[in-house]
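Colleague: File final_29.txt below, compact mmCIF, C-alpha atoms:
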# COMPACT_ATOMS: atom_id res chain seq x y z
CA MET A 1 251.52 63.21 -7.60
CA ILE A 2 250.91 64.94 -4.27
CA HIS A 3 247.88 67.22 -3.91
CA PHE A 4 247.45 69.77 -1.13
CA PRO A 5 244.11 71.15 0.10
CA ALA A 6 243.28 74.49 -1.50
CA HIS A 7 240.45 76.97 -1.43
CA ARG A 8 239.88 78.43 -4.86
CA ARG A 9 237.15 80.38 -6.52
CA ALA A 10 235.25 78.73 -9.36
CA PRO A 11 237.18 79.25 -12.65
CA LEU A 12 234.13 80.60 -14.50
CA ARG A 13 233.42 83.12 -11.76
CA ALA A 14 237.06 84.25 -11.64
CA LEU A 15 237.12 84.68 -15.42
CA SER A 16 233.83 86.58 -15.39
CA LEU A 17 235.17 89.00 -12.76
CA ARG A 18 238.28 89.67 -14.86
CA VAL A 19 236.25 90.29 -18.00
CA LEU A 20 233.90 92.60 -16.11
CA ALA A 21 236.83 94.56 -14.68
CA ALA A 22 238.36 94.95 -18.16
CA VAL A 23 235.06 96.16 -19.64
CA VAL A 24 234.54 98.65 -16.81
CA LEU A 25 238.08 99.96 -17.31
CA VAL A 26 237.43 100.45 -21.04
CA PHE A 27 234.21 102.37 -20.38
CA VAL A 28 235.86 104.59 -17.77
CA THR A 29 238.68 105.37 -20.21
CA VAL A 30 236.14 106.19 -22.94
CA ALA A 31 234.40 108.58 -20.54
CA VAL A 32 237.70 110.34 -19.71
CA VAL A 33 238.57 110.74 -23.42
CA TRP A 34 235.04 111.83 -24.34
CA LEU A 35 235.01 114.59 -21.72
CA ASP A 36 238.16 116.09 -23.29
CA ARG A 37 237.56 114.99 -26.89
CA ASP A 38 238.51 118.42 -28.27
CA GLY A 39 242.03 117.92 -26.94
CA TYR A 40 242.68 114.91 -29.19
CA HIS A 41 243.92 115.07 -32.78
CA ASP A 42 242.36 112.69 -35.29
CA ALA A 43 244.19 111.81 -38.51
CA ASN A 44 241.01 112.55 -40.46
CA GLU A 45 240.64 115.91 -38.72
CA ASP A 46 236.88 115.48 -38.50
CA GLY A 47 236.66 115.56 -34.70
CA MET A 48 236.33 112.79 -32.11
CA THR A 49 233.08 110.84 -32.17
CA LEU A 50 232.00 108.44 -29.44
CA LEU A 51 233.16 105.55 -31.64
CA ASP A 52 236.54 107.25 -32.00
CA CYS A 53 236.77 107.48 -28.23
CA PHE A 54 236.08 103.75 -27.93
CA TYR A 55 238.64 103.07 -30.65
CA TYR A 56 241.31 105.16 -28.93
CA ALA A 57 240.58 103.58 -25.52
CA VAL A 58 240.85 100.03 -26.85
CA VAL A 59 244.05 100.52 -28.89
CA SER A 60 245.66 102.45 -26.03
CA LEU A 61 244.78 99.99 -23.26
CA SER A 62 245.88 97.02 -25.39
CA THR A 63 249.18 98.86 -26.18
CA THR A 64 248.46 98.54 -29.93
CA GLY A 65 248.78 102.32 -30.46
CA TYR A 66 248.36 102.95 -34.19
CA GLY A 67 249.04 106.68 -33.72
CA ASP A 68 246.12 107.91 -35.82
CA VAL A 69 244.56 109.46 -32.70
CA THR A 70 246.89 111.42 -30.43
CA PRO A 71 246.42 113.72 -27.42
CA ALA A 72 247.18 117.24 -28.65
CA SER A 73 246.14 119.57 -25.81
CA GLN A 74 247.86 119.86 -22.45
CA SER A 75 244.78 118.56 -20.62
CA ALA A 76 244.52 115.50 -22.87
CA ARG A 77 248.20 114.69 -22.36
CA LEU A 78 247.80 115.15 -18.59
CA ALA A 79 244.85 112.73 -18.63
CA ASN A 80 247.05 110.21 -20.48
CA VAL A 81 249.80 110.54 -17.91
CA LEU A 82 247.55 110.39 -14.85
CA PHE A 83 244.88 107.95 -16.01
CA VAL A 84 245.30 106.24 -19.40
CA THR A 85 248.83 104.97 -18.78
CA PRO A 86 248.03 103.48 -15.31
CA ALA A 87 244.82 102.08 -16.79
CA ARG A 88 246.88 100.44 -19.53
CA VAL A 89 249.02 98.70 -16.92
CA ILE A 90 245.96 97.57 -14.96
CA PHE A 91 244.34 96.32 -18.18
CA LEU A 92 247.38 94.22 -19.01
CA ILE A 93 247.46 92.80 -15.49
CA ILE A 94 243.83 91.78 -15.87
CA LEU A 95 244.53 90.11 -19.22
CA VAL A 96 247.51 88.13 -17.94
CA GLY A 97 245.99 87.55 -14.50
CA THR A 98 245.21 83.91 -15.22
CA THR A 99 248.81 83.19 -16.24
CA LEU A 100 250.12 84.99 -13.17
CA GLU A 101 247.75 83.05 -10.95
CA VAL A 102 248.89 79.73 -12.43
CA LEU A 103 252.55 80.61 -11.96
CA THR A 104 251.89 81.78 -8.41
CA ASP A 105 250.03 78.56 -7.59
CA GLN A 106 252.85 76.48 -9.03
CA TYR A 107 255.41 78.36 -6.97
CA ARG A 108 253.28 78.13 -3.82
CA ASN A 109 252.63 74.41 -4.30
CA GLY A 110 256.33 73.84 -4.92
CA ARG A 111 257.23 75.52 -1.65
CA ARG A 112 254.49 73.63 0.22
CA LEU A 113 255.70 70.35 -1.23
CA THR A 114 259.31 71.04 -0.24
CA GLN A 115 258.27 72.05 3.28
CA TRP A 116 255.95 69.06 3.62
CA ARG A 117 258.67 66.61 2.58
CA LYS A 118 261.01 68.07 5.18
CA THR A 119 258.55 67.89 8.08
CA VAL A 120 256.26 64.91 7.43
CA LYS A 121 256.77 62.11 9.97
CA ASN A 122 254.72 60.04 12.42
CA HIS A 123 251.77 60.46 10.09
CA VAL A 124 249.00 58.01 9.21
CA ILE A 125 248.60 56.85 5.62
CA ILE A 126 245.08 55.92 4.51
CA CYS A 127 245.10 53.68 1.45
CA GLY A 128 241.68 54.15 -0.12
CA TYR A 129 239.15 56.91 0.48
CA GLY A 130 235.92 55.00 0.13
CA THR A 131 233.42 54.42 2.92
CA LYS A 132 235.97 52.65 5.15
CA GLY A 133 238.70 55.17 4.45
CA ARG A 134 236.47 58.17 5.22
CA SER A 135 235.28 56.53 8.44
CA ALA A 136 238.89 55.89 9.46
CA VAL A 137 239.78 59.54 8.84
CA THR A 138 236.77 60.66 10.88
CA ALA A 139 237.79 58.43 13.77
CA LEU A 140 241.37 59.73 13.68
CA LEU A 141 240.21 63.35 13.69
CA GLU A 142 237.78 62.70 16.54
CA ASP A 143 240.66 61.12 18.46
CA GLY A 144 242.58 64.39 18.19
CA LEU A 145 244.93 63.70 15.27
CA ASP A 146 245.72 66.81 13.24
CA LYS A 147 244.70 66.82 9.57
CA SER A 148 248.25 67.61 8.54
CA ARG A 149 249.31 64.18 9.87
CA ILE A 150 246.92 62.27 7.61
CA VAL A 151 247.89 61.35 4.04
CA VAL A 152 245.38 59.72 1.69
CA VAL A 153 246.59 57.47 -1.14
CA GLU A 154 243.93 57.07 -3.81
CA ARG A 155 243.82 56.61 -7.59
CA ASN A 156 240.16 57.51 -8.12
CA SER A 157 239.94 61.17 -9.19
CA THR A 158 236.54 61.75 -7.57
CA ALA A 159 237.71 60.36 -4.21
CA LEU A 160 240.90 62.42 -4.51
CA ARG A 161 238.89 65.62 -4.92
CA GLN A 162 236.73 64.70 -1.92
CA ALA A 163 239.79 64.10 0.26
CA THR A 164 241.44 67.33 -0.87
CA SER A 165 238.22 69.26 -0.26
CA ALA A 166 238.18 67.79 3.25
CA GLY A 167 241.54 69.46 3.89
CA LEU A 168 243.74 66.36 3.56
CA VAL A 169 247.02 65.88 1.75
CA THR A 170 246.58 63.27 -0.99
CA VAL A 171 248.89 61.17 -3.15
CA GLU A 172 247.49 60.17 -6.52
CA GLY A 173 248.20 56.59 -7.56
CA SER A 174 247.76 52.96 -6.57
CA ALA A 175 248.97 52.04 -3.09
CA THR A 176 250.12 48.67 -4.51
CA ARG A 177 253.04 50.48 -6.14
CA SER A 178 256.13 51.07 -4.02
CA ALA A 179 256.85 54.42 -5.74
CA VAL A 180 253.44 55.76 -4.64
CA LEU A 181 253.96 54.68 -1.01
CA GLU A 182 257.44 56.19 -1.09
CA GLU A 183 255.86 59.44 -2.26
CA ALA A 184 253.65 59.28 0.82
CA HIS A 185 256.82 58.85 2.97
CA VAL A 186 255.74 55.47 4.26
CA ARG A 187 259.14 54.85 5.92
CA SER A 188 258.56 57.69 8.40
CA ALA A 189 254.86 56.97 8.93
CA LYS A 190 253.32 55.96 12.23
CA ALA A 191 250.79 53.58 10.67
CA VAL A 192 249.33 52.46 7.36
CA ILE A 193 245.58 51.86 7.22
CA ILE A 194 244.51 49.74 4.26
CA ALA A 195 240.90 50.46 3.31
CA THR A 196 240.78 49.39 -0.33
CA ASP A 197 237.68 48.08 -2.10
CA SER A 198 238.97 44.53 -2.68
CA ASP A 199 240.78 41.95 -0.57
CA ASP A 200 243.24 41.29 -3.41
CA SER A 201 244.32 44.92 -3.40
CA SER A 202 244.62 44.90 0.39
CA VAL A 203 247.01 41.93 0.25
CA MET A 204 249.16 43.65 -2.40
CA VAL A 205 249.28 46.91 -0.43
CA ALA A 206 250.27 45.07 2.75
CA LEU A 207 253.05 43.20 0.94
CA THR A 208 254.37 46.41 -0.61
CA ALA A 209 254.25 48.35 2.66
CA ARG A 210 255.99 45.57 4.59
CA GLN A 211 258.70 45.27 1.95
CA ILE A 212 259.46 48.99 2.08
CA THR A 213 259.30 49.41 5.85
CA ALA A 214 260.69 46.01 6.87
CA GLY A 215 257.82 45.67 9.33
CA GLN A 216 258.79 48.81 11.28
CA VAL A 217 255.51 50.62 10.50
CA ARG A 218 252.23 49.31 11.91
CA ILE A 219 249.88 48.07 9.20
CA ILE A 220 246.13 47.83 9.85
CA ALA A 221 243.90 46.37 7.15
CA ALA A 222 240.23 45.68 6.55
CA VAL A 223 239.01 42.68 4.55
CA ARG A 224 235.58 41.64 3.43
CA GLU A 225 235.92 37.88 3.89
CA ALA A 226 237.23 36.15 7.02
CA GLU A 227 239.07 33.52 4.94
CA ASN A 228 241.39 36.25 3.63
CA ALA A 229 242.41 37.49 7.10
CA PRO A 230 245.24 34.90 7.61
CA LEU A 231 246.63 35.71 4.17
CA LEU A 232 246.65 39.41 4.97
CA LYS A 233 248.49 38.77 8.25
CA GLN A 234 251.05 36.68 6.39
CA SER A 235 251.42 39.60 3.99
CA GLY A 236 252.53 41.86 6.81
CA ALA A 237 249.40 43.32 8.40
CA HIS A 238 249.67 43.63 12.18
CA HIS A 239 245.91 43.91 12.66
CA VAL A 240 243.13 42.69 10.37
CA ILE A 241 239.50 43.72 10.71
CA VAL A 242 236.95 41.51 8.95
CA SER A 243 234.21 43.94 7.96
CA ALA A 244 231.71 41.38 6.69
CA ALA A 245 232.02 39.15 9.78
CA THR A 246 231.80 42.13 12.13
CA ALA A 247 228.68 43.39 10.36
CA GLY A 248 227.20 39.90 10.50
CA ARG A 249 227.77 39.59 14.25
CA LEU A 250 226.12 42.96 14.82
CA LEU A 251 223.16 41.87 12.70
CA GLY A 252 222.86 38.72 14.80
CA LEU A 253 223.00 40.74 18.03
CA SER A 254 220.28 43.03 16.72
CA THR A 255 217.96 40.00 16.70
CA SER A 256 218.96 38.23 19.91
CA ALA A 257 219.93 41.24 22.04
CA PRO A 258 218.91 44.55 20.41
CA PRO A 259 220.11 46.84 23.25
CA LEU A 260 223.68 45.60 22.73
CA ILE A 261 223.70 47.28 19.32
CA ASP A 262 223.05 50.64 20.98
CA VAL A 263 225.87 49.99 23.46
CA VAL A 264 228.35 49.10 20.70
CA GLU A 265 227.39 52.15 18.65
CA ASP A 266 227.73 54.34 21.73
CA LEU A 267 231.21 52.98 22.45
CA LEU A 268 232.34 53.54 18.86
CA THR A 269 230.83 57.01 18.44
CA PRO A 270 232.75 59.76 20.27
CA GLY A 271 230.75 62.46 21.98
CA GLN A 272 227.60 60.36 22.40
CA GLY A 273 228.02 59.01 25.94
CA MET A 274 230.58 56.24 26.41
CA ALA A 275 233.82 55.79 24.50
CA LEU A 276 236.70 53.34 24.52
CA ALA A 277 240.05 54.87 25.51
CA MET A 278 243.53 53.76 26.47
CA ARG A 279 246.14 55.21 28.80
CA SER A 280 249.36 54.21 30.53
CA ALA A 281 249.17 52.72 34.01
CA GLU A 282 250.20 55.20 36.69
CA ARG A 283 252.87 54.38 39.27
CA ASP A 284 250.43 54.07 42.19
CA GLU A 285 248.24 51.67 40.15
CA VAL A 286 251.00 49.08 39.65
CA GLY A 287 250.31 45.96 41.70
CA ARG A 288 246.60 46.73 42.12
CA SER A 289 243.70 44.91 40.53
CA PRO A 290 242.19 46.71 37.52
CA ARG A 291 238.77 46.19 39.10
CA GLU A 292 239.73 48.39 42.06
CA LEU A 293 240.35 51.50 39.98
CA ASP A 294 237.87 54.33 39.60
CA SER A 295 238.10 53.92 35.81
CA LEU A 296 236.07 51.12 34.27
CA VAL A 297 238.97 49.01 32.96
CA ILE A 298 237.97 46.23 30.57
CA ALA A 299 241.39 44.97 29.41
CA LEU A 300 245.16 45.44 29.67
CA VAL A 301 247.70 45.73 26.87
CA ARG A 302 250.96 44.17 28.03
CA ARG A 303 253.99 44.11 25.72
CA GLY A 304 251.74 44.45 22.69
CA ARG A 305 249.36 41.65 23.75
CA VAL A 306 245.81 42.12 24.99
CA VAL A 307 245.22 40.64 28.45
CA THR A 308 241.60 40.28 29.54
CA LEU A 309 240.57 40.63 33.18
CA THR A 310 239.41 37.01 33.21
CA ASP A 311 243.01 35.84 32.67
CA LYS A 312 245.21 35.24 35.69
CA ALA A 313 247.76 37.59 34.12
CA GLY A 314 245.15 40.34 34.23
CA ALA A 315 244.63 40.12 37.98
CA GLU A 316 247.31 42.72 38.71
CA ILE A 317 248.60 45.74 36.83
CA GLU A 318 252.29 45.61 35.94
CA THR A 319 254.75 48.35 35.07
CA GLY A 320 254.39 49.37 31.42
CA ASP A 321 250.79 48.16 31.08
CA MET A 322 248.29 50.12 29.03
CA LEU A 323 244.77 50.28 30.43
CA VAL A 324 241.79 49.96 28.09
CA TYR A 325 238.85 51.60 29.79
CA VAL A 326 235.41 53.13 29.18
CA ARG A 327 235.28 56.87 29.67
CA ASP A 328 232.45 59.34 29.86
CA ASP A 329 232.53 61.08 26.50
CA ARG A 330 229.49 63.27 26.80
CA PRO A 331 230.04 66.95 25.95
CA LEU A 332 230.45 69.22 28.94
CA PRO A 333 227.35 71.31 29.76
CA ALA A 334 227.55 74.94 28.73
CA ALA A 335 228.51 77.28 31.55
CA THR A 336 225.70 79.50 32.76
CA GLY A 337 226.37 83.04 33.92
Can you give me the file's structure in the form of structure tokens?
Modeller:
Amino acid sequence: MIHFPAHRRAPLRALSLRVLAAVVLVFVTVAVVWLDRDGYHDANEDGMTLLDCFYYAVVSLSTTGYGDVTPASQSARLANVLFVTPARVIFLIILVGTTLEVLTDQYRNGRRLTQWRKTVKNHVIICGYGTKGRSAVTALLEDGLDKSRIVVVERNSTALRQATSAGLVTVEGSATRSAVLEEAHVRSAKAVIIATDSDDSSVMVALTARQITAGQVRIIAAVREAENAPLLKQSGAHHVIVSAATAGRLLGLSTSAPPLIDVVEDLLTPGQGMALAMRSAERDEVGRSPRELDSLVIALVRRGRVVTLTDKAGAEIETGDMLVYVRDDRPLPAATG
């Protein structure tokens, strides 16, 4: 099932407002009848008491209409035409407001779903919205990807609500099932990020995604244990990130070279100072050494393979190379008038 982000009022508050509006409408109707009580005919012919006015207001607004109290004078009939009848319609709308709202939401969601299915492509699918999944979404958004191009696949109801509240489109179900990935339009996706809680699930998701897409969609996965990385690559993942090993290396650096931790965090946190970025090589840069450029180039990506500057192949920039460089990512200072 696909869920779209929505902004709704709390159900209890919405219900309380409807009840309050209905009560206010009843009291206003009672006041109108009471002011012209002599113009109403009671079956008992003993005059209209305040209780009779309440009785007439309730049976009239609810369209019950027993007929034992009727407007007899011209002024009472005019009040019924100008006020009681419109109030009756408003009262009914208030009573059936919840049903109307549900039907409206169903119609709106149906249209959104149809429109989404027609336009969704080149999107990124996040399988799992735990700590890793949320961090991946944050990184994508900070890199400029629009929220509408991110689809979260998750079976945990709490995580689903969190993703929907964050303004993301979600698909409820296990990403190990081909039907769920098909619902997320995996065939037209740009990439699939696997951020599940277990390595076993990651392997199954990678196998399912590769089977559906025939390897045409890039699959990036995270695993806890390094020994499972080769298995995940055999399952179809193009890139595998070993979270436990990476965390362990950072812990080791924090002991032997503490300042390096600050550098790594700075590079991985946009807007803090330095940030890793990638761009295509320009025409006038072809044939030059990456070290001669104004940008601080640290590697080249050539035909899908990373070429370091220490390799002989990295001595010169070739046509079609992508440059991995460090950019200044500090926020621009506010303009002063």
Colleague: When you look at Ser289 in chain A with a cut-off of 10 Å (counting all atoms listed in the file), what residues show up, excluding the ones that are within fewer than 6 positions of it in the same chain? I need them as a list of chain:residue names.
Modeller: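 The contact residues come out as A:Val297, A:Leu309, A:Gly314, A:Ala315, A:Glu316, A:Ile317, A:Glu318.
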Colleague: Measuring between all atoms listed in the file, which one of A:Leu61, A:Ala184, A:Leu51, A:Val301 shows the shortest distance to Arg117 in chain A?
Modeller: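 Smallest separation from Arg117 in chain A among the options: A:Ala184.
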Colleague: Just checking: using all atoms listed in the file, which residue out of A:Ile93, A:Leu20, A:Val171, A:Tyr325 ends up closest to Leu293 in chain A?
Modeller: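 Among A:Ile93, A:Leu20, A:Val171, A:Tyr325, it is A:Tyr325 that comes nearest to Leu293 in chain A.
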Colleague: List the neighbours of Val120 in chain A out to 8 Å using all atoms listed in the file; skip same-chain residues closer than 4 positions along the sequence, and give me the result as a PyMOL selection string.
Modeller: chain A and resi 116+149+185+188
Colleague: Quick one: distance from CA of Ala299 in chain A to CA of Leu323 in chain A in Å, one decimal?
Modeller: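 Atom-to-atom, CA of Ala299 in chain A and CA of Leu323 in chain A are spaced 6.4 Å apart.
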Colleague: Considering all atoms listed in the file, can you say which of A:Gly248, A:Gly167, A:Gly287, A:Gly110 comes closest to Leu141 in chain A?
Modeller: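 Smallest separation from Leu141 in chain A among the options: A:Gly167.
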Colleague: Taking (251.8, 47.7, -8.0) in the coordinates of the supplied file, I want to know which residues reach to within 12 Å of it, counting all atoms listed in the file; could you give the answer as an MDAnalysis selection string?
Modeller: chainID A and resid 155 173:181 200:209
Colleague: Determine, for each residue of range 226-256 of chain A having at least one atom at most 12 Å from an atom of range 129-136 of chain A, the closest pair of atoms and their separation in Å to one decimal, counting only C-alpha atoms; order by chain and ascending number, as CSV.
Modeller:
residue,atom,partner,partner_atom,distance
A:Ile241,CA,A:Lys132,CA,11.1
A:Val242,CA,A:Lys132,CA,11.8
A:Ser243,CA,A:Lys132,CA,9.3
Colleague: CA of Val23 in chain A and CA of Phe91 in chain A are how many Å apart?
Modeller: 9.4 Å
Colleague: Quick one: pull the distance between CA of Ile298 in chain A and CA of Val326 in chain A, Å, one decimal.
Modeller: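 For CA of Ile298 in chain A relative to CA of Val326 in chain A, the distance reads 7.5 Å.
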